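*Asks:* Data: my_file.csv, CSV, C-alpha atoms.
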chain,number,residue,atom,x,y,z
Q,1,MET,CA,-31.4,5.5,24.0
Q,2,GLN,CA,-31.5,7.2,27.4
Q,3,MET,CA,-28.7,9.6,28.0
Q,4,ASN,CA,-27.4,10.2,31.6
Q,5,ALA,CA,-25.0,12.6,33.2
Q,6,LEU,CA,-21.8,10.8,34.3
Q,7,GLY,CA,-21.7,12.2,37.8
Q,8,ARG,CA,-20.1,15.7,38.1
Q,9,SER,CA,-17.8,15.0,35.1
Q,10,GLY,CA,-19.8,17.1,32.6
Q,11,LEU,CA,-20.0,14.1,30.3
Q,12,LYS,CA,-23.4,12.9,29.0
Q,13,VAL,CA,-23.4,9.3,28.0
Q,14,SER,CA,-25.8,6.6,26.7
Q,15,ARG,CA,-27.0,4.3,29.4
Q,16,LEU,CA,-25.5,1.4,27.4
Q,17,CYS,CA,-21.7,1.6,26.9
Q,18,PHE,CA,-20.1,-0.5,24.1
Q,19,GLY,CA,-17.3,-2.4,25.8
Q,20,THR,CA,-14.7,-3.2,23.1
Q,21,LEU,CA,-12.7,-5.8,25.0
Q,22,THR,CA,-14.7,-8.7,23.4
Q,23,MET,CA,-13.7,-7.6,19.9
Q,24,SER,CA,-10.1,-7.2,20.8
Q,25,PRO,CA,-7.1,-9.5,20.0
Q,26,LEU,CA,-7.4,-10.6,23.6
Q,27,GLN,CA,-10.8,-12.3,22.8
Q,28,ARG,CA,-12.6,-12.6,19.5
Q,29,ASN,CA,-9.8,-10.8,17.5
Q,30,LEU,CA,-12.0,-9.0,15.0
Q,31,SER,CA,-10.3,-7.0,12.3
Q,32,PRO,CA,-10.5,-3.2,12.6
Q,33,GLU,CA,-13.1,-3.2,9.7
Q,34,GLU,CA,-15.2,-5.8,11.5
Q,35,GLY,CA,-15.1,-4.1,14.8
Q,36,ALA,CA,-15.8,-0.7,13.2
Q,37,ARG,CA,-18.9,-2.2,11.5
Q,38,LEU,CA,-20.2,-3.2,14.9
Q,39,LEU,CA,-19.5,0.1,16.5
Q,40,VAL,CA,-21.2,2.0,13.7
Q,41,HIS,CA,-24.2,-0.2,14.0
Q,42,ALA,CA,-24.5,0.4,17.7
Q,43,TYR,CA,-24.2,4.1,17.1
Q,44,GLU,CA,-27.0,3.9,14.6
Q,45,ARG,CA,-29.0,2.2,17.3
Q,46,GLY,CA,-28.4,5.0,19.8
Q,47,VAL,CA,-25.3,4.0,21.6
Q,48,ARG,CA,-23.0,7.1,22.2
Q,49,PHE,CA,-20.5,5.7,24.7
Q,50,LEU,CA,-17.7,3.2,24.2
Q,51,ASP,CA,-15.0,1.8,26.5
Q,52,THR,CA,-11.5,0.7,25.5
Q,53,ALA,CA,-8.0,0.5,27.0
Q,54,ASP,CA,-4.4,0.9,26.0
Q,55,LEU,CA,-4.2,-2.9,26.6
Q,56,TYR,CA,-7.0,-3.9,24.3
Q,57,GLY,CA,-5.6,-3.1,20.9
Q,58,THR,CA,-8.9,-1.7,19.6
Q,59,TYR,CA,-7.8,1.9,18.8
Q,60,PRO,CA,-7.7,1.0,15.1
Q,61,HIS,CA,-11.3,-0.3,15.2
Q,62,ILE,CA,-12.5,2.9,16.9
Q,63,ARG,CA,-10.6,5.2,14.6
Q,64,LEU,CA,-12.4,3.6,11.6
Q,65,ALA,CA,-15.8,3.8,13.3
Q,66,LEU,CA,-15.4,7.5,14.1
Q,67,ARG,CA,-15.6,8.3,10.4
Q,68,GLU,CA,-19.3,7.4,10.5
Q,69,ALA,CA,-20.0,7.7,14.2
Q,70,PRO,CA,-18.2,10.9,15.2
Q,71,ASP,CA,-20.0,11.7,18.4
Q,72,TYR,CA,-19.0,8.7,20.4
Q,73,VAL,CA,-17.9,9.6,24.0
Q,74,ILE,CA,-14.6,7.6,24.3
Q,75,SER,CA,-13.4,6.2,27.6
Q,76,THR,CA,-10.0,4.6,27.7
Q,77,LYS,CA,-7.6,3.5,30.5
Q,78,ALA,CA,-4.0,2.6,30.9
Q,79,TYR,CA,-1.5,1.3,33.5
Q,80,CYS,CA,0.1,4.6,34.5
Q,81,TYR,CA,2.0,5.3,37.7
Q,82,ASP,CA,3.7,8.7,37.0
Q,83,ARG,CA,3.8,11.7,34.7
Q,84,GLU,CA,5.9,10.0,32.0
Q,85,THR,CA,3.8,6.9,31.7
Q,86,ALA,CA,0.5,8.9,31.8
Q,87,GLN,CA,1.8,11.3,29.1
Q,88,ALA,CA,2.9,8.4,26.8
Q,89,ALA,CA,-0.5,6.5,27.3
Q,90,LEU,CA,-2.5,9.7,26.5
Q,91,GLU,CA,-0.5,10.3,23.4
Q,92,ARG,CA,-1.0,6.7,22.3
Q,93,ALA,CA,-4.7,7.0,22.8
Q,94,CYS,CA,-5.0,10.3,20.9
Q,95,ARG,CA,-2.9,9.0,18.1
Q,96,GLY,CA,-4.7,5.7,18.0
Q,97,VAL,CA,-8.2,7.0,17.7
Q,98,GLY,CA,-7.3,10.0,15.6
Q,99,ARG,CA,-8.4,12.7,18.0
Q,100,ASP,CA,-6.6,15.3,20.0
Q,101,TYR,CA,-9.0,14.9,22.9
Q,102,ILE,CA,-10.1,11.9,25.0
Q,103,ASP,CA,-13.4,12.3,26.8
Q,104,LEU,CA,-12.5,10.0,29.8
Q,105,PHE,CA,-9.1,8.8,30.7
Q,106,MET,CA,-8.7,6.3,33.6
Q,107,LEU,CA,-6.0,4.5,35.5
Q,108,HIS,CA,-6.5,0.8,34.8
Q,109,GLU,CA,-7.1,-1.8,37.5
Q,110,GLN,CA,-6.5,0.2,40.6
Q,111,GLU,CA,-6.7,-1.7,43.9
Q,112,SER,CA,-6.7,0.4,47.0
Q,113,LEU,CA,-5.9,3.6,48.7
Q,114,TYR,CA,-2.3,2.7,48.6
Q,115,THR,CA,-2.4,2.0,44.9
Q,116,LEU,CA,-4.0,5.4,44.2
Q,117,ARG,CA,-1.4,7.1,46.4
Q,118,GLY,CA,1.4,5.4,44.6
Q,119,HIS,CA,-0.1,6.5,41.2
Q,120,GLU,CA,-1.1,10.0,42.3
Q,121,GLU,CA,1.6,11.6,40.1
Q,122,ALA,CA,-0.2,10.1,37.1
Q,123,LEU,CA,-3.6,11.4,38.4
Q,124,VAL,CA,-2.1,14.9,38.8
Q,125,TYR,CA,-0.8,14.9,35.2
Q,126,LEU,CA,-4.2,13.8,33.9
Q,127,GLU,CA,-5.9,16.6,35.9
Q,128,GLU,CA,-3.5,19.0,34.3
Q,129,GLN,CA,-4.4,17.7,30.9
Q,130,LYS,CA,-8.1,18.1,31.7
Q,131,ARG,CA,-7.5,21.8,32.6
Q,132,LEU,CA,-5.7,22.2,29.3
Q,133,GLY,CA,-8.6,20.8,27.4
Q,134,HIS,CA,-7.0,17.5,26.3
Q,135,ILE,CA,-9.2,15.3,28.5
Q,136,GLY,CA,-12.8,15.7,29.5
Q,137,ALA,CA,-12.7,13.7,32.8
Q,138,VAL,CA,-10.3,11.6,34.9
Q,139,GLY,CA,-11.2,8.2,36.4
Q,140,VAL,CA,-10.2,4.8,37.6
Q,141,SER,CA,-11.2,1.3,36.9
Q,142,THR,CA,-11.2,-1.4,39.5
Q,143,HIS,CA,-12.4,-4.8,40.8
Q,144,PHE,CA,-11.9,-3.7,44.4
Q,145,ALA,CA,-14.5,-2.2,46.7
Q,146,GLY,CA,-11.6,-0.7,48.7
Q,147,CYS,CA,-10.5,1.3,45.7
Q,148,VAL,CA,-14.0,2.6,45.1
Q,149,ALA,CA,-14.2,3.6,48.8
Q,150,ALA,CA,-10.8,5.4,48.6
Q,151,ALA,CA,-11.4,7.2,45.3
Q,152,PRO,CA,-13.3,10.2,46.8
Q,153,ARG,CA,-10.2,11.2,48.7
Q,154,PHE,CA,-8.7,12.2,45.4
Q,155,PRO,CA,-10.5,15.3,44.1
Q,156,MET,CA,-9.2,14.8,40.5
Q,157,ILE,CA,-11.2,11.5,40.2
Q,158,ASP,CA,-14.5,12.3,38.4
Q,159,VAL,CA,-15.5,8.8,37.4
Q,160,ILE,CA,-15.2,5.2,38.7
Q,161,HIS,CA,-15.6,2.1,36.4
Q,162,PRO,CA,-16.2,-0.7,39.0
Q,163,LEU,CA,-16.9,-4.4,38.5
Q,164,ILE,CA,-20.4,-5.0,39.8
Q,165,ASN,CA,-23.0,-7.6,39.0
Q,166,ALA,CA,-25.9,-9.4,40.7
Q,167,ALA,CA,-23.7,-12.3,42.0
Q,168,GLY,CA,-20.7,-10.2,43.0
Q,169,ILE,CA,-18.5,-12.4,40.7
Q,170,GLY,CA,-15.0,-11.0,40.3
Q,171,ILE,CA,-15.1,-8.5,43.2
Q,172,GLN,CA,-11.7,-9.1,44.8
Q,173,ASP,CA,-12.1,-7.8,48.4
Q,174,GLY,CA,-15.6,-8.4,49.5
Q,175,THR,CA,-19.2,-8.9,48.5
Q,176,ARG,CA,-21.6,-7.3,46.2
Q,177,GLN,CA,-23.0,-5.4,49.2
Q,178,ASP,CA,-19.5,-4.1,50.0
Q,179,MET,CA,-19.2,-2.8,46.5
Q,180,GLU,CA,-22.6,-1.3,46.5
Q,181,ALA,CA,-21.9,0.6,49.7
Q,182,ALA,CA,-18.7,2.0,48.3
Q,183,ILE,CA,-20.4,3.0,45.1
Q,184,SER,CA,-23.2,4.7,47.0
Q,185,ALA,CA,-20.7,6.8,49.0
Q,186,ALA,CA,-18.8,7.8,45.9
Q,187,ARG,CA,-22.0,8.9,44.1
Q,188,GLU,CA,-22.9,11.0,47.1
Q,189,ARG,CA,-19.6,12.9,46.4
Q,190,GLY,CA,-20.7,13.5,42.8
Q,191,ILE,CA,-18.5,10.8,41.2
Q,192,GLY,CA,-19.9,9.2,38.0
Q,193,ILE,CA,-20.3,5.4,37.9
Q,194,PHE,CA,-20.4,3.1,34.9
Q,195,ALA,CA,-20.3,-0.6,35.6
Q,196,MET,CA,-18.3,-3.4,34.0
Q,197,LYS,CA,-19.0,-7.1,33.7
Q,198,PRO,CA,-22.8,-7.1,34.5
Q,199,LEU,CA,-22.8,-10.7,33.3
Q,200,GLY,CA,-19.8,-11.7,35.4
Q,201,GLY,CA,-17.5,-12.1,32.4
Q,202,GLY,CA,-19.8,-14.7,31.0
Q,203,HIS,CA,-20.6,-16.7,34.2
Q,204,LEU,CA,-24.1,-15.2,34.4
Q,205,ILE,CA,-25.1,-15.7,30.8
Q,206,ALA,CA,-27.4,-18.6,31.7
Q,207,ASN,CA,-29.1,-16.2,34.1
Q,208,SER,CA,-28.8,-13.2,31.9
Q,209,ARG,CA,-32.3,-11.8,32.6
Q,210,GLU,CA,-31.7,-11.7,36.4
Q,211,ALA,CA,-28.3,-10.3,35.9
Q,212,LEU,CA,-29.3,-7.5,33.5
Q,213,GLU,CA,-32.4,-6.6,35.4
Q,214,TYR,CA,-30.1,-6.0,38.4
Q,215,ALA,CA,-27.9,-3.7,36.2
Q,216,LEU,CA,-30.8,-1.9,34.5
Q,217,ASP,CA,-32.7,-1.3,37.7
Q,218,ASN,CA,-29.7,-0.2,39.8
Q,219,PRO,CA,-30.0,3.5,40.7
Q,220,LEU,CA,-26.3,3.6,41.5
Q,221,LEU,CA,-25.2,3.1,37.9
Q,222,ASP,CA,-25.1,5.9,35.3
Q,223,ALA,CA,-24.2,3.5,32.5
Q,224,VAL,CA,-23.4,-0.1,32.0
Q,225,ALA,CA,-20.6,-1.4,29.7
Q,226,MET,CA,-21.3,-4.6,27.8
Q,227,GLY,CA,-19.2,-6.4,25.2
Q,228,MET,CA,-21.1,-7.1,22.0
Q,229,GLN,CA,-19.7,-9.3,19.3
Q,230,SER,CA,-22.4,-9.4,16.6
Q,231,ILE,CA,-25.2,-7.4,15.0
Q,232,GLU,CA,-27.7,-9.7,16.7
Q,233,GLU,CA,-26.3,-9.0,20.2
Q,234,ILE,CA,-26.2,-5.2,19.6
Q,235,ASP,CA,-29.9,-5.3,18.4
Q,236,ALA,CA,-30.9,-7.4,21.4
Q,237,ASP,CA,-29.0,-5.2,24.0
Q,238,THR,CA,-30.1,-1.9,22.5
Q,239,ASP,CA,-33.7,-3.1,22.4
Q,240,LEU,CA,-33.4,-4.1,26.1
Q,241,PHE,CA,-32.0,-0.8,27.2
Q,242,ASN,CA,-34.6,1.0,25.2
Q,243,GLY,CA,-37.4,-1.0,26.7
Q,244,VAL,CA,-38.6,-2.5,23.4
Q,245,PRO,CA,-41.2,-5.3,23.8
Q,246,GLY,CA,-39.7,-8.8,23.1
Q,247,ALA,CA,-36.1,-7.8,23.9
Q,248,TRP,CA,-35.8,-10.3,26.7
Q,249,GLU,CA,-36.8,-13.2,24.4
Q,250,ARG,CA,-34.3,-12.2,21.7
Q,251,LEU,CA,-31.6,-11.8,24.3
Q,252,GLU,CA,-32.3,-15.2,25.9
Q,253,ALA,CA,-32.1,-16.8,22.5
Q,254,LEU,CA,-28.5,-15.5,22.3
Q,255,SER,CA,-27.6,-16.5,25.8
Q,256,HIS,CA,-26.5,-20.1,25.3
Q,257,ARG,CA,-22.9,-19.8,24.4
Q,258,GLU,CA,-20.5,-20.7,27.2
Q,259,ARG,CA,-17.1,-19.1,27.4
Q,260,HIS,CA,-13.9,-20.6,28.7
Q,261,ILE,CA,-10.1,-20.1,28.6
Q,262,MET,CA,-8.3,-22.4,26.2
Q,263,VAL,CA,-4.6,-23.4,26.8
Q,264,HIS,CA,-2.9,-24.9,23.8
Q,265,ASP,CA,-0.7,-27.9,24.0
Q,266,TRP,CA,2.5,-25.9,23.4
Q,267,CYS,CA,2.2,-24.1,26.7
Q,268,GLU,CA,5.7,-24.1,28.4
Q,269,GLY,CA,4.5,-23.3,31.9
Q,270,CYS,CA,6.4,-20.1,32.2
Q,271,GLY,CA,3.9,-18.7,34.8
Q,272,ARG,CA,3.5,-15.2,33.3
Q,273,CYS,CA,-0.3,-15.8,32.9
Q,274,ARG,CA,-0.5,-17.0,36.5
Q,275,ASP,CA,1.4,-13.9,37.7
Q,276,ARG,CA,-0.8,-11.6,35.7
Q,277,CYS,CA,-4.2,-13.0,36.8
Q,278,ARG,CA,-5.7,-10.8,39.4
Q,279,GLN,CA,-8.5,-13.4,40.0
Q,280,LYS,CA,-5.9,-16.0,41.1
Q,281,ALA,CA,-7.6,-18.4,38.6
Q,282,ILE,CA,-4.4,-19.8,37.0
Q,283,GLU,CA,-1.8,-22.2,38.4
Q,284,ILE,CA,1.0,-24.1,36.8
Q,285,VAL,CA,0.5,-27.9,37.1
Q,286,ASP,CA,2.9,-30.4,35.5
Q,287,GLY,CA,4.6,-27.7,33.5
Q,288,ARG,CA,1.4,-26.3,32.0
Q,289,ALA,CA,-1.1,-23.5,32.8
Q,290,ARG,CA,-4.3,-24.7,34.3
Q,291,VAL,CA,-7.3,-22.4,34.6
Q,292,ASP,CA,-10.0,-22.5,37.3
Q,293,GLN,CA,-12.9,-21.6,35.1
Q,294,SER,CA,-15.1,-20.8,38.2
Q,295,LYS,CA,-12.7,-18.0,39.2
Q,296,CYS,CA,-12.0,-16.6,35.8
Q,297,VAL,CA,-13.8,-13.5,34.6
Q,298,PHE,CA,-12.7,-14.0,31.0
Q,299,CYS,CA,-10.9,-10.7,30.6
Q,300,GLY,CA,-8.2,-12.2,28.5
Q,301,TYR,CA,-5.4,-10.2,30.1
Q,302,CYS,CA,-3.4,-13.4,30.6
Q,303,ALA,CA,-3.3,-13.8,26.9
Q,304,ARG,CA,-1.5,-10.5,26.5
Q,305,VAL,CA,1.5,-11.6,28.5
Q,306,CYS,CA,1.9,-15.2,27.1
Q,307,PRO,CA,5.1,-15.3,25.0
Q,308,GLN,CA,3.9,-18.4,23.1
Q,309,PHE,CA,0.4,-17.1,22.3
Q,310,CYS,CA,-1.1,-20.3,23.7
Q,311,ILE,CA,-3.8,-18.9,25.9
Q,312,LYS,CA,-7.0,-17.3,24.8
Q,313,VAL,CA,-10.7,-16.7,25.6
Q,314,VAL,CA,-13.1,-18.6,23.4
Written as structure tokens, that's how I'd like the structure from this file.
*Replies:*
Amino acid sequence: MQMNALGRSGLKVSRLCFGTLTMSPLQRNLSPEEGARLLVHAYERGVRFLDTADLYGTYPHIRLALREAPDYVISTKAYCYDRETAQAALERACRGVGRDYIDLFMLHEQESLYTLRGHEEALVYLEEQKRLGHIGAVGVSTHFAGCVAAAPRFPMIDVIHPLINAAGIGIQDGTRQDMEAAISAARERGIGIFAMKPLGGGHLIANSREALEYALDNPLLDAVAMGMQSIEEIDADTDLFNGVPGAWERLEALSHRERHIMVHDWCEGCGRCRDRCRQKAIEIVDGRARVDQSKCVFCGYCARVCPQFCIKVV
């Protein structure tokens, strides 16, 4: 597996990053043992980079996997806005994965220059922890080109994890070209870039070859995070990233499953999922959540806030 420098961060990562959201309770809900088995298999296939989050609930999966795959570079992220929340999230991450060091710690779902300014205290704390040797690099994740454009103003930000794909699906404040321009400017400042949602949260599965060729051939991206839910997907994706003949055919054979959000009958229409959805894909109609599948990026974050556990990605 090709290994790339992640910008100026000092981290060296595999070009393919294992995104653990799809195995989490928000989506497929694999047990820690099942998830660890997939992570170990990917490691054996050359993957050395994984992405998780405080929100995902996959720290137990990772902790188990590290027993057999100790050299994973771990990226995690959390909703931190000040020193206290950042400290608590970092402690949860270290305790959760069983390490006293996190390779890359990011602020989750940042939106703009104003968001970053409002959360600067958390960034300063993370930079302090980097100097103390508890964090390898500091970053932000975002669906907004404006956030990517603003990030270089904050010298403590080493890495950006932006949403970018061939169709621009999920970008909240512009087009694919807007995001590319912002990423290019950040890279010129030495900031590392690893992409999320190259398949648009599932919307581009039917055109997976075109979508993944865009990601693989994109010189702006140091790494690409992909969710993998089976041994077969891992084998196809690692073969693809390794340039193994026949990988496209194996991948296309796995690219027929459509994803959607399911809302169970016992939904009470409280509106928490609607309020949580950054894509504006949920509304309350006749006392029940209704999802616009064309806007949804299938992150599953809505499921986390549902008090009745009636919404999930399937």
*Asks:* Quick one: of Q:Ala53, Q:Val124, Q:Met156, Q:Ala195, who's nearest to Thr22 (chain Q), counting all atoms listed in the file?
*Replies:*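 Among the listed residues, the smallest separation from Thr22 (chain Q) belongs to Q:Ala53.
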*Asks:* If I take CA of Arg92 (chain Q) and CA of Ser75 (chain Q), how far is one from the other in Å, to one decimal?
*Replies:*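 CA of Arg92 (chain Q) sits 13.5 Å away from CA of Ser75 (chain Q).
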*Asks:* Could the residues of region 111-195 of chain Q that have an atom at most 8 Å from region 219-223 of chain Q be listed as JSON lines, each with its closest atom pair and the distance in Å to one decimal, counting all atoms listed in the file and ordered by chain and ascending residue number?
*Replies:*
{"residue": "Q:Glu180", "atom": "CA", "partner": "Q:Leu220", "partner_atom": "CA", "distance": 7.9}
{"residue": "Q:Ile183", "atom": "CA", "partner": "Q:Leu220", "partner_atom": "CA", "distance": 6.9}
{"residue": "Q:Ser184", "atom": "CA", "partner": "Q:Leu220", "partner_atom": "CA", "distance": 6.4}
{"residue": "Q:Arg187", "atom": "CA", "partner": "Q:Leu220", "partner_atom": "CA", "distance": 7.3}
{"residue": "Q:Gly192", "atom": "CA", "partner": "Q:Asp222", "partner_atom": "CA", "distance": 6.7}
{"residue": "Q:Ile193", "atom": "CA", "partner": "Q:Leu221", "partner_atom": "CA", "distance": 5.4}
{"residue": "Q:Phe194", "atom": "CA", "partner": "Q:Ala223", "partner_atom": "CA", "distance": 4.5}
{"residue": "Q:Ala195", "atom": "CA", "partner": "Q:Ala223", "partner_atom": "CA", "distance": 6.5}
*Asks:* Rank nothing, just name the residue among Q:Gln87, Q:Leu30, Q:Gly136, Q:Thr20 nearest to Ile62 (chain Q), using all atoms listed in the file.
*Replies:* Q:Thr20
*Asks:* Gly269 (chain Q): which residues within 7 Å, counting all atoms listed in the file, same-chain residues fewer than 3 positions away excluded, as a list of chain:residue names?
*Replies:*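 Residues near the query, excluding close chain neighbours: Q:Ile284, Q:Gly287, Q:Arg288, Q:Ala289.
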*Asks:* Check the smallest atom-to-atom distance from each of Q:Gly246, Q:Gly300, Q:Gly174, Q:Gly10 to Ala137 (chain Q) using all atoms listed in the file, then report the winner.
*Replies:* Q:Gly10
*Asks:* Record the distance separating CA of His143 (chain Q) and CA of Ala186 (chain Q), expressed in Å with one decimal.
*Replies:*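 Distance between the two atoms: 15.0 Å.
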*Asks:* Select, from Q:Ile311, Q:Leu107, Q:Ile171, Q:Ile164, the residue with the minimum atom-to-atom distance to Ala151 (chain Q), counting only C-alpha atoms.
*Replies:*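 Looking at the shortest contact to Ala151 (chain Q), the residue is Q:Leu107.
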*Asks:* Which residue gives the smallest distance to Leu104 (chain Q) among Q:Leu199, Q:Ile282, Q:Ala69, Q:Val138, with only C-alpha atoms counted?
*Replies:* Q:Val138
*Asks:* Could you jot down the CA of Trp266 (chain Q) to CA of Cys306 (chain Q) separation for me, Å, one decimal place?
*Replies:*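 So the answer is 11.3 Å.
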*Asks:* Which of these, Q:Ile157, Q:Cys277, Q:Leu21, Q:Ala42, has the shortest distance to Gly170 (chain Q) once you count only C-alpha atoms?
*Replies:*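 Counting only C-alpha atoms, the residue closest to Gly170 (chain Q) is Q:Cys277.
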*Asks:* Excluding Ser294 (chain Q) and residues on its chain fewer than 4 positions from it, collect all residues at most 12 Å away from it, counting only C-alpha atoms, and give them as an mmCIF file with C-alpha atoms, in the coordinates of the input.
*Replies:*
data_model
loop_
_atom_site.group_PDB
_atom_site.id
_atom_site.type_symbol
_atom_site.label_atom_id
_atom_site.label_comp_id
_atom_site.auth_asym_id
_atom_site.auth_seq_id
_atom_site.Cartn_x
_atom_site.Cartn_y
_atom_site.Cartn_z
ATOM 1 C CA ILE Q 169 -18.500 -12.400 40.700
ATOM 2 C CA GLY Q 170 -15.000 -11.000 40.300
ATOM 3 C CA GLY Q 200 -19.800 -11.700 35.400
ATOM 4 C CA GLY Q 201 -17.500 -12.100 32.400
ATOM 5 C CA GLY Q 202 -19.800 -14.700 31.000
ATOM 6 C CA HIS Q 203 -20.600 -16.700 34.200
ATOM 7 C CA LEU Q 204 -24.100 -15.200 34.400
ATOM 8 C CA ARG Q 259 -17.100 -19.100 27.400
ATOM 9 C CA HIS Q 260 -13.900 -20.600 28.700
ATOM 10 C CA ILE Q 261 -10.100 -20.100 28.600
ATOM 11 C CA GLN Q 279 -8.500 -13.400 40.000
ATOM 12 C CA LYS Q 280 -5.900 -16.000 41.100
ATOM 13 C CA ALA Q 281 -7.600 -18.400 38.600
ATOM 14 C CA ILE Q 282 -4.400 -19.800 37.000
ATOM 15 C CA PHE Q 298 -12.700 -14.000 31.000
#
